[in-house]
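Worksheet: one structure, shown below.
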Amino acid sequence: MITSKRLAAGACALLAALTAGLALPVAAHAGEPVGGATPQVDLVLDVSGSMRERDIDGGTRMAAAKQAFNEVLDATPEEVQLGIRTLGANYPGDNQKTGCKDTAQLYPVSTLDRTEAKSAVATLSPTGWTPIGPALLAAADDFTEGASSKRIVLISDGEDTCAPLDPCEVAREIAAKGIGLTIDTLGLVPNTKMRQQLSCIAEATGGTYTSVEHTDELTDKVNQLVDRAADPVVTPVATEGATSCADAPTLKSGLYTDREEFGQQRWYRVDVGPGQELRASVSVAADRAVNPGYGVLLRAVTTHGREIVRGEAAGTGRTDVISTGLRYPKTESDSDDDEAPAEAVCLQVTHAFSASAGTKTTPGLPLELTVDVVDGPSQAADVASFGLGRGWWLLGALVLVGFLAGVLWGWLSRWRVAVWRTN
Amino acid sequence: MRITRALGAAALLLGLAAAPAAADSSPSPSASADGDAPTRAGTSFRTATEIEQGQTATADGSAGDYLYWSFPADAGQRPTVKATVKLPETHAAETWQVDVYDGLRRRQACQYGAQTRTAAADAASVELTCVLRTVRAWSEPWANDPLPGTYYVRLTVTDLATADLGLPVGAEVRADSKDIGGSAAVDGSLTEPLVPGIAVKSQAENGGSDAESGSAVLSAIEPEDGWSSGWWSDRWVWTAVGGVLAALAGIGGYALTRGAGRPRRVPPGA
């Protein structure tokens, strides 16, 4: 049985391959990663005066960080380019203005020379302020063009001391530049305010926040984050949706990102040929404090404004994204000419997030859109597979009908014999 | 597509004699060894860690993380997602939730199972379950029915005290499925399963470019024995058996009207 299924499957695959070969492949490679790009990680370490405190496994926070860095530098995968940036390492004075500019690149983001990086880390001693915002801004510029993924790992033991620049807004602005950067934060022996600030930074870029109280936790987490950076990930293509269907950018199959402000709508266009199916999904991320109760609506609309199909989702409570999707199979044209034009389908995205009081509403929320145009499905002609039956009622009915037919046939033939004999 | 299905049907009719009449015999995913189960989780749809059905994936995370996994589910299966979260020694009460999304990132409803559960203060772990609806081979575009393809699992805490934010937690996720068989066999089928990025992937394969050189795809997921072609279901067996029984009953009915042996008063030579 399995063999016959395999055979059939093979035949199907062959046929599918043939039909796929006949259909001209549309040249769209959006969303594909650039070949040869390397993942890059920038470790940003707080070297402020408070790192002197002895509360991690009996040693100072600085000692724990140094030990963790040494182990991480040993374990970093070959393909990852790693850099180290410090904040508050050089200026011991109490001029806030100067102290808040105190961030320096300790080791540039490049292929790792382990001994050199380790000796650079060894020179560090806890000194100054905690300028998290400026350090993040500077770290965002440490990366080189064409990195496949960019990750900042921020290790800090105190909240930012450089008000009014809010590091959380800084992080959001960095993310909005569309360079595909993630910030993960680690808090050493954190207090409530620091937890909120660091997790706000992480959420702004889709990163993670972790509290650390022991050296081995720190090592494990940083290693995990560096490994995560090494995973190949599809890089989305930045696009900008229009405010109406007529001016919307035409998208091909791929992964796209955009930003959508509160109350805005975004339009995109996709060409769908006859016999093809459009699959689109959209997710809008909550990268800042939003009110509970939110939603997203994705509509596929014809150029004349008729809605074809919609995907909608609503939710409440804590979330990172809200997402929905839709399918639109375009039926094959009745006339058999291959010239049948592709239909331009407009996709409209609206979301129903609302910003919490006191939260900045710009830049817009990050939006991720996937578009796939594939061969259309074979339509169902019946509820059941091939219209086949199943179950005891079916067997009973068939047996009954068969029996009645047999009886009837028997009587008929008896009657015919009788008629023939009387004649 | 119709042609391929007709071909499939033809192949079936040829092979029907050899087919065992066992109902519900469509292949079920065999549980693979946990030796190579993933030990990490993704943090978004894009980075979700791919797992097989029957694998127990583990991950270390922090309370407040959004952890993502993805697994394949094929037509006729009814997936069950189980998640266990190991909580730190001391913590306040916190609520955890597991959500399942399909390949179009549409949230899929859980038929039953505790999708959301609140762990009491200092509880050691919390267990969550979500039993999805049966995956259909086809549905109308306006429906939200589960279709064959990638399924995303998102595990997160929905309510916790700020003091617990970022504390280390351990997560364990497992997806299994029950084979529903022919009763869920519907007509129609998708040409491609609902796997995100499949259009980009197949283009890369057609173009013969560096598709195999570790280049990233949104989802490279596939069941161990491939996606089912969709034409087989035990409905064929039921229908065929029904036909045979009907024929036998017909013969029986016919014989009943004729009595035993030749009719009376017919001369031997007639």
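Naming works like this for the structure tokens: A, B, ... for the chains as they're shown, residue 1 at the start of each chain, ligands 1 onward in shown order.
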- Spatial neighbours of stretch 34-44 of chain B, 7 Å, only C-alpha atoms, chain gap at least 2 places, as a VMD selection string: chain B and resid 32 46 to 49 51 55 to 60 66 to 69
Residues of chain B that approach chain A to 6 Å or less, counting only C-alpha atoms: could you list each one with the shortest pair of atoms and its distance in Å to one decimal, rows by chain and increasing residue number, as JSON lines?
{"residue": "B:Thr4", "atom": "CA", "partner": "A:Cys12", "partner_atom": "CA", "distance": 5.5}
{"residue": "B:Gly8", "atom": "CA", "partner": "A:Ala8", "partner_atom": "CA", "distance": 5.5}
{"residue": "B:Ala19", "atom": "CA", "partner": "A:Met1", "partner_atom": "CA", "distance": 5.4}
{"residue": "B:Ser62", "atom": "CA", "partner": "A:Thr210", "partner_atom": "CA", "distance": 5.6}
{"residue": "B:Asp65", "atom": "CA", "partner": "A:Thr208", "partner_atom": "CA", "distance": 5.9}
{"residue": "B:Leu104", "atom": "CA", "partner": "A:Gly325", "partner_atom": "CA", "distance": 4.8}
{"residue": "B:Arg105", "atom": "CA", "partner": "A:Thr324", "partner_atom": "CA", "distance": 5.3}
{"residue": "B:Arg106", "atom": "CA", "partner": "A:Thr324", "partner_atom": "CA", "distance": 4.5}
{"residue": "B:Pro141", "atom": "CA", "partner": "A:Arg327", "partner_atom": "CA", "distance": 5.4}
{"residue": "B:Thr158", "atom": "CA", "partner": "A:Arg318", "partner_atom": "CA", "distance": 5.3}
{"residue": "B:Gly166", "atom": "CA", "partner": "A:Thr210", "partner_atom": "CA", "distance": 4.0}
{"residue": "B:Leu167", "atom": "CA", "partner": "A:Ser211", "partner_atom": "CA", "distance": 5.4}
{"residue": "B:Ala185", "atom": "CA", "partner": "A:Ser385", "partner_atom": "CA", "distance": 5.4}
{"residue": "B:Val186", "atom": "CA", "partner": "A:Ser385", "partner_atom": "CA", "distance": 4.4}
{"residue": "B:Asp187", "atom": "CA", "partner": "A:Ser385", "partner_atom": "CA", "distance": 3.8}
{"residue": "B:Gly188", "atom": "CA", "partner": "A:Ala380", "partner_atom": "CA", "distance": 3.9}
{"residue": "B:Ser189", "atom": "CA", "partner": "A:Ser378", "partner_atom": "CA", "distance": 5.5}
{"residue": "B:Leu190", "atom": "CA", "partner": "A:Pro377", "partner_atom": "CA", "distance": 4.2}
{"residue": "B:Thr191", "atom": "CA", "partner": "A:Pro377", "partner_atom": "CA", "distance": 5.0}
{"residue": "B:Ala199", "atom": "CA", "partner": "A:Asp372", "partner_atom": "CA", "distance": 5.3}
{"residue": "B:Ala216", "atom": "CA", "partner": "A:Val233", "partner_atom": "CA", "distance": 5.2}
{"residue": "B:Val217", "atom": "CA", "partner": "A:Val234", "partner_atom": "CA", "distance": 5.8}
{"residue": "B:Arg235", "atom": "CA", "partner": "A:Arg390", "partner_atom": "CA", "distance": 5.2}
{"residue": "B:Trp238", "atom": "CA", "partner": "A:Arg390", "partner_atom": "CA", "distance": 5.3}
{"residue": "B:Thr239", "atom": "CA", "partner": "A:Gly389", "partner_atom": "CA", "distance": 5.6}
{"residue": "B:Gly242", "atom": "CA", "partner": "A:Leu395", "partner_atom": "CA", "distance": 4.9}
{"residue": "B:Leu245", "atom": "CA", "partner": "A:Val399", "partner_atom": "CA", "distance": 5.7}
{"residue": "B:Ala246", "atom": "CA", "partner": "A:Val399", "partner_atom": "CA", "distance": 4.3}
{"residue": "B:Ala247", "atom": "CA", "partner": "A:Gly402", "partner_atom": "CA", "distance": 5.9}
{"residue": "B:Ala249", "atom": "CA", "partner": "A:Phe403", "partner_atom": "CA", "distance": 4.5}
{"residue": "B:Gly250", "atom": "CA", "partner": "A:Gly406", "partner_atom": "CA", "distance": 3.9}
{"residue": "B:Ile251", "atom": "CA", "partner": "A:Gly406", "partner_atom": "CA", "distance": 5.8}
{"residue": "B:Gly253", "atom": "CA", "partner": "A:Val407", "partner_atom": "CA", "distance": 4.4}
{"residue": "B:Tyr254", "atom": "CA", "partner": "A:Gly406", "partner_atom": "CA", "distance": 4.2}
{"residue": "B:Thr257", "atom": "CA", "partner": "A:Gly410", "partner_atom": "CA", "distance": 5.3}
Output file for the selection above: N, CA and C atoms, as a CSV table (one decimal), in the first residue's frame:
chain,number,residue,atom,x,y,z
B,4,THR,N,-4.0,15.3,-11.8
B,4,THR,CA,-3.2,14.6,-10.8
B,4,THR,C,-4.1,13.8,-9.9
B,8,GLY,N,-4.2,9.9,-9.3
B,8,GLY,CA,-4.1,9.3,-8.0
B,8,GLY,C,-5.2,8.3,-7.8
B,19,ALA,N,-4.7,-3.3,-1.2
B,19,ALA,CA,-4.9,-2.4,-0.1
B,19,ALA,C,-5.5,-3.1,1.1
B,62,SER,N,13.5,34.1,30.0
B,62,SER,CA,13.3,35.0,31.1
B,62,SER,C,11.8,35.3,31.2
B,65,ASP,N,9.7,37.1,28.4
B,65,ASP,CA,10.0,36.9,27.0
B,65,ASP,C,8.8,36.3,26.3
B,104,LEU,N,-0.6,31.5,8.3
B,104,LEU,CA,-0.9,32.9,7.9
B,104,LEU,C,-0.9,33.8,9.1
B,105,ARG,N,-0.4,33.3,10.2
B,105,ARG,CA,-0.3,34.1,11.4
B,105,ARG,C,-1.7,34.4,12.0
B,106,ARG,N,-2.7,33.6,11.6
B,106,ARG,CA,-4.0,33.8,12.2
B,106,ARG,C,-4.0,33.0,13.5
B,141,PRO,N,-11.7,30.5,1.3
B,141,PRO,CA,-10.8,31.5,1.7
B,141,PRO,C,-11.3,32.4,2.8
B,158,THR,N,1.4,36.6,30.7
B,158,THR,CA,0.5,37.7,30.4
B,158,THR,C,0.3,38.7,31.5
B,166,GLY,N,12.0,39.3,34.1
B,166,GLY,CA,13.4,38.9,33.8
B,166,GLY,C,14.0,37.8,34.5
B,167,LEU,N,13.2,37.2,35.5
B,167,LEU,CA,13.8,36.1,36.2
B,167,LEU,C,13.9,34.8,35.3
B,185,ALA,N,-11.8,13.9,6.0
B,185,ALA,CA,-11.3,14.1,4.7
B,185,ALA,C,-12.2,14.9,3.8
B,186,VAL,N,-11.8,16.1,3.5
B,186,VAL,CA,-12.7,17.0,2.7
B,186,VAL,C,-12.2,17.0,1.2
B,187,ASP,N,-13.0,17.5,0.4
B,187,ASP,CA,-12.6,17.6,-1.0
B,187,ASP,C,-11.8,18.9,-1.2
B,188,GLY,N,-11.0,18.9,-2.3
B,188,GLY,CA,-10.2,20.1,-2.6
B,188,GLY,C,-8.9,20.0,-1.9
B,189,SER,N,-7.9,20.7,-2.4
B,189,SER,CA,-6.6,20.7,-1.7
B,189,SER,C,-5.8,21.9,-2.1
B,190,LEU,N,-4.9,22.3,-1.2
B,190,LEU,CA,-4.0,23.4,-1.5
B,190,LEU,C,-2.9,22.9,-2.4
B,191,THR,N,-2.4,23.7,-3.3
B,191,THR,CA,-1.3,23.3,-4.1
B,191,THR,C,0.0,23.3,-3.3
B,199,ALA,N,6.7,30.6,-1.5
B,199,ALA,CA,6.8,31.1,-2.9
B,199,ALA,C,8.3,31.6,-3.2
B,216,ALA,N,18.7,31.7,4.7
B,216,ALA,CA,17.5,31.6,5.6
B,216,ALA,C,16.3,31.6,4.8
B,217,VAL,N,15.3,30.9,5.3
B,217,VAL,CA,13.9,31.0,4.8
B,217,VAL,C,13.0,31.2,5.9
B,235,ARG,N,-12.1,6.8,3.1
B,235,ARG,CA,-13.4,6.9,2.4
B,235,ARG,C,-13.4,5.9,1.2
B,238,TRP,N,-14.2,2.5,2.6
B,238,TRP,CA,-15.7,2.4,2.9
B,238,TRP,C,-16.5,2.3,1.7
B,239,THR,N,-16.2,3.2,0.7
B,239,THR,CA,-17.1,3.2,-0.5
B,239,THR,C,-17.0,1.9,-1.2
B,242,GLY,N,-18.6,-0.9,0.6
B,242,GLY,CA,-20.1,-0.7,0.4
B,242,GLY,C,-20.5,-1.2,-0.9
B,245,LEU,N,-20.5,-5.0,-0.8
B,245,LEU,CA,-21.7,-5.5,0.0
B,245,LEU,C,-23.0,-5.3,-0.8
B,246,ALA,N,-23.1,-4.2,-1.4
B,246,ALA,CA,-24.3,-4.0,-2.2
B,246,ALA,C,-24.5,-5.0,-3.3
B,247,ALA,N,-23.4,-5.3,-4.0
B,247,ALA,CA,-23.4,-6.3,-5.0
B,247,ALA,C,-23.8,-7.7,-4.5
B,249,ALA,N,-25.5,-8.3,-1.7
B,249,ALA,CA,-26.9,-8.2,-1.2
B,249,ALA,C,-27.8,-8.3,-2.5
B,250,GLY,N,-27.4,-7.7,-3.6
B,250,GLY,CA,-28.1,-7.8,-4.8
B,250,GLY,C,-28.3,-9.3,-5.3
B,251,ILE,N,-27.1,-10.0,-5.2
B,251,ILE,CA,-27.1,-11.4,-5.7
B,251,ILE,C,-28.0,-12.2,-4.7
B,253,GLY,N,-30.6,-11.1,-2.9
B,253,GLY,CA,-32.0,-10.7,-3.2
B,253,GLY,C,-32.5,-11.4,-4.4
B,254,TYR,N,-31.7,-11.5,-5.4
B,254,TYR,CA,-32.0,-12.1,-6.7
B,254,TYR,C,-32.3,-13.6,-6.5
B,257,THR,N,-35.6,-14.6,-4.9
B,257,THR,CA,-36.8,-14.6,-5.7
B,257,THR,C,-36.8,-15.8,-6.6
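Among the candidate residues B:Ser70, B:Ser202, B:Thr134, B:Ser233, the one lying nearest to B:Cys110 is B:Thr134, with distances computed using only C-alpha atoms.
Using only C-alpha atoms, the protein and nucleic acid residues lying no more than 9 Å from B:Asp159, apart from those fewer than 3 places from it along its own chain, are Gly317 and Arg318 of chain A; Gly64, Ala93, Glu94, Thr95, Trp96 and Thr118 of chain B.
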Output C-alpha atoms of each residue in that selection to a file, as a CSV table (one decimal), in the first residue's frame.
chain,number,residue,atom,x,y,z
A,317,GLY,CA,-3.6,42.3,27.6
A,318,ARG,CA,0.2,42.1,27.4
B,64,GLY,CA,8.5,38.3,30.1
B,93,ALA,CA,1.4,34.8,41.2
B,94,GLU,CA,1.8,35.0,37.5
B,95,THR,CA,-0.4,34.1,34.5
B,96,TRP,CA,1.0,32.2,31.5
B,118,THR,CA,-2.3,31.3,36.7
- Could you pull out the strand (DSSP E or B) residues of stretch 44-139 of chain B from DSSP and send them as a count of residues only? 49
Residues near B:Val131, anyone? I mean within 12 Å using only C-alpha atoms, not counting same-chain ones fewer than 5 positions away, as a PDB file with C-alpha atoms, in the first residue's frame.
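Output saved as result_9.pdb:
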ATOM      1  CA  GLN B  77      -4.384  15.645  12.121  1.00  0.00           C
ATOM      2  CA  ARG B  78      -5.695  17.232  15.269  1.00  0.00           C
ATOM      3  CA  PRO B  79      -2.657  18.801  16.949  1.00  0.00           C
ATOM      4  CA  THR B  80      -2.278  19.172  20.682  1.00  0.00           C
ATOM      5  CA  VAL B  81       0.288  21.592  22.041  1.00  0.00           C
ATOM      6  CA  LYS B  82       1.526  21.088  25.562  1.00  0.00           C
ATOM      7  CA  ALA B  83       3.756  23.537  27.355  1.00  0.00           C
ATOM      8  CA  VAL B  98       0.104  29.536  25.098  1.00  0.00           C
ATOM      9  CA  ASP B  99      -1.208  30.746  21.729  1.00  0.00           C
ATOM     10  CA  VAL B 100      -1.176  28.853  18.471  1.00  0.00           C
ATOM     11  CA  GLN B 108      -6.162  29.393  16.011  1.00  0.00           C
ATOM     12  CA  ALA B 109      -8.743  28.633  18.640  1.00  0.00           C
ATOM     13  CA  CYS B 110      -8.191  25.894  21.185  1.00  0.00           C
ATOM     14  CA  GLN B 111     -11.072  23.418  21.348  1.00  0.00           C
ATOM     15  CA  TYR B 112     -10.202  22.548  24.900  1.00  0.00           C
ATOM     16  CA  GLY B 113      -7.262  22.509  27.253  1.00  0.00           C
ATOM     17  CA  ALA B 114      -6.029  25.125  29.678  1.00  0.00           C
ATOM     18  CA  GLN B 115      -4.587  27.692  27.337  1.00  0.00           C
ATOM     19  CA  ARG B 174       5.653  19.467  22.747  1.00  0.00           C
ATOM     20  CA  ALA B 175       3.299  19.128  19.814  1.00  0.00           C
ATOM     21  CA  ASP B 176       1.516  15.846  19.171  1.00  0.00           C
ATOM     22  CA  SER B 177      -1.422  15.060  17.036  1.00  0.00           C
ATOM     23  CA  LYS B 178      -4.247  12.618  16.846  1.00  0.00           C
TER      24      LYS B 178
END
- Could you find all residues in stretch 151-340 of chain A that DSSP calls alpha helix (DSSP H) from the backbone, and write them as a VMD selection string? chain A and resid 167 to 176 192 to 204 215 to 230
Restrict the selected residues to N, CA and C atoms and save them as a short mmCIF file (atom, residue, chain, number, x, y, z; two decimals), in the first residue's frame.
data_model
loop_
_atom_site.label_atom_id
_atom_site.label_comp_id
_atom_site.auth_asym_id
_atom_site.auth_seq_id
_atom_site.Cartn_x
_atom_site.Cartn_y
_atom_site.Cartn_z
N PRO A 167 16.40 56.51 27.27
CA PRO A 167 17.03 55.44 26.47
C PRO A 167 16.00 54.58 25.75
N CYS A 168 14.80 54.51 26.32
CA CYS A 168 13.75 53.71 25.72
C CYS A 168 13.33 54.32 24.38
N GLU A 169 13.22 55.65 24.35
CA GLU A 169 12.88 56.31 23.09
C GLU A 169 14.02 56.23 22.10
N VAL A 170 15.24 56.30 22.65
CA VAL A 170 16.41 56.15 21.79
C VAL A 170 16.36 54.80 21.07
N ALA A 171 16.05 53.75 21.86
CA ALA A 171 15.99 52.42 21.28
C ALA A 171 14.94 52.35 20.18
N ARG A 172 13.80 52.97 20.43
CA ARG A 172 12.71 52.94 19.44
C ARG A 172 13.13 53.66 18.17
N GLU A 173 13.86 54.76 18.35
CA GLU A 173 14.30 55.50 17.17
C GLU A 173 15.34 54.71 16.37
N ILE A 174 16.21 54.02 17.11
CA ILE A 174 17.20 53.19 16.40
C ILE A 174 16.47 52.11 15.60
N ALA A 175 15.47 51.48 16.23
CA ALA A 175 14.72 50.42 15.55
C ALA A 175 14.00 50.99 14.32
N ALA A 176 13.53 52.23 14.44
CA ALA A 176 12.76 52.83 13.35
C ALA A 176 13.63 53.18 12.16
N THR A 192 13.36 47.90 40.76
CA THR A 192 12.13 47.98 39.97
C THR A 192 12.25 48.95 38.80
N LYS A 193 12.79 50.15 39.08
CA LYS A 193 12.85 51.17 38.04
C LYS A 193 13.73 50.72 36.89
N MET A 194 14.84 50.07 37.27
CA MET A 194 15.79 49.61 36.27
C MET A 194 15.18 48.51 35.41
N ARG A 195 14.44 47.59 36.06
CA ARG A 195 13.75 46.53 35.33
C ARG A 195 12.84 47.12 34.26
N GLN A 196 12.07 48.14 34.70
CA GLN A 196 11.12 48.73 33.76
C GLN A 196 11.85 49.38 32.60
N GLN A 197 12.94 50.09 32.93
CA GLN A 197 13.65 50.79 31.86
C GLN A 197 14.30 49.80 30.90
N LEU A 198 14.98 48.81 31.44
CA LEU A 198 15.69 47.87 30.57
C LEU A 198 14.70 47.03 29.76
N SER A 199 13.58 46.63 30.36
CA SER A 199 12.64 45.83 29.57
C SER A 199 11.93 46.70 28.54
N CYS A 200 11.81 47.97 28.83
CA CYS A 200 11.23 48.89 27.84
C CYS A 200 12.16 49.01 26.63
N ILE A 201 13.47 49.09 26.91
CA ILE A 201 14.44 49.16 25.81
C ILE A 201 14.35 47.89 24.96
N ALA A 202 14.29 46.73 25.65
CA ALA A 202 14.25 45.46 24.93
C ALA A 202 12.98 45.37 24.08
N GLU A 203 11.84 45.74 24.66
CA GLU A 203 10.57 45.60 23.93
C GLU A 203 10.51 46.52 22.73
N ALA A 204 11.20 47.64 22.82
CA ALA A 204 11.17 48.60 21.72
C ALA A 204 11.78 48.03 20.45
N THR A 215 26.99 34.92 38.39
CA THR A 215 27.92 34.99 37.27
C THR A 215 27.57 34.00 36.16
N ASP A 216 27.23 32.76 36.56
CA ASP A 216 26.97 31.75 35.52
C ASP A 216 25.71 32.08 34.72
N GLU A 217 24.74 32.71 35.38
CA GLU A 217 23.54 33.15 34.64
C GLU A 217 23.92 34.14 33.56
N LEU A 218 24.83 35.05 33.95
CA LEU A 218 25.27 36.08 33.00
C LEU A 218 25.96 35.44 31.80
N THR A 219 26.90 34.52 32.09
CA THR A 219 27.62 33.84 31.02
C THR A 219 26.66 33.10 30.09
N ASP A 220 25.76 32.32 30.69
CA ASP A 220 24.83 31.52 29.88
C ASP A 220 23.98 32.40 28.99
N LYS A 221 23.49 33.47 29.58
CA LYS A 221 22.56 34.32 28.82
C LYS A 221 23.29 35.01 27.66
N VAL A 222 24.46 35.56 27.94
CA VAL A 222 25.18 36.26 26.86
C VAL A 222 25.55 35.26 25.76
N ASN A 223 25.99 34.07 26.17
CA ASN A 223 26.29 33.03 25.18
C ASN A 223 25.07 32.71 24.33
N GLN A 224 23.94 32.57 25.00
CA GLN A 224 22.69 32.25 24.30
C GLN A 224 22.35 33.34 23.28
N LEU A 225 22.54 34.59 23.69
CA LEU A 225 22.20 35.70 22.79
C LEU A 225 23.15 35.76 21.60
N VAL A 226 24.44 35.49 21.86
CA VAL A 226 25.40 35.50 20.75
C VAL A 226 25.08 34.37 19.77
N ASP A 227 24.72 33.19 20.33
CA ASP A 227 24.34 32.06 19.48
C ASP A 227 23.11 32.41 18.65
N ARG A 228 22.17 33.09 19.29
CA ARG A 228 20.93 33.45 18.61
C ARG A 228 21.25 34.33 17.41
N ALA A 229 22.23 35.21 17.58
CA ALA A 229 22.61 36.10 16.48
C ALA A 229 23.16 35.30 15.31
N ALA A 230 23.77 34.13 15.62
CA ALA A 230 24.40 33.34 14.57
C ALA A 230 23.38 32.58 13.73
#
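Here atom CA of A:Cys100 stands at a distance of 11.1 Å from atom CA of A:Ser48.
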- Just give me the gap between atom CA of A:Ile155 and atom CA of A:Asp184 in Å, one decimal is fine.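 One can read the atom CA of A:Ile155 to atom CA of A:Asp184 distance as 8.7 Å.
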- Work out how far atom CA of A:Thr205 is from atom CA of A:Glu240, in Å to one decimal.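 According to the coordinates, atom CA of A:Glu240 and atom CA of A:Thr205 are separated by 19.0 Å.
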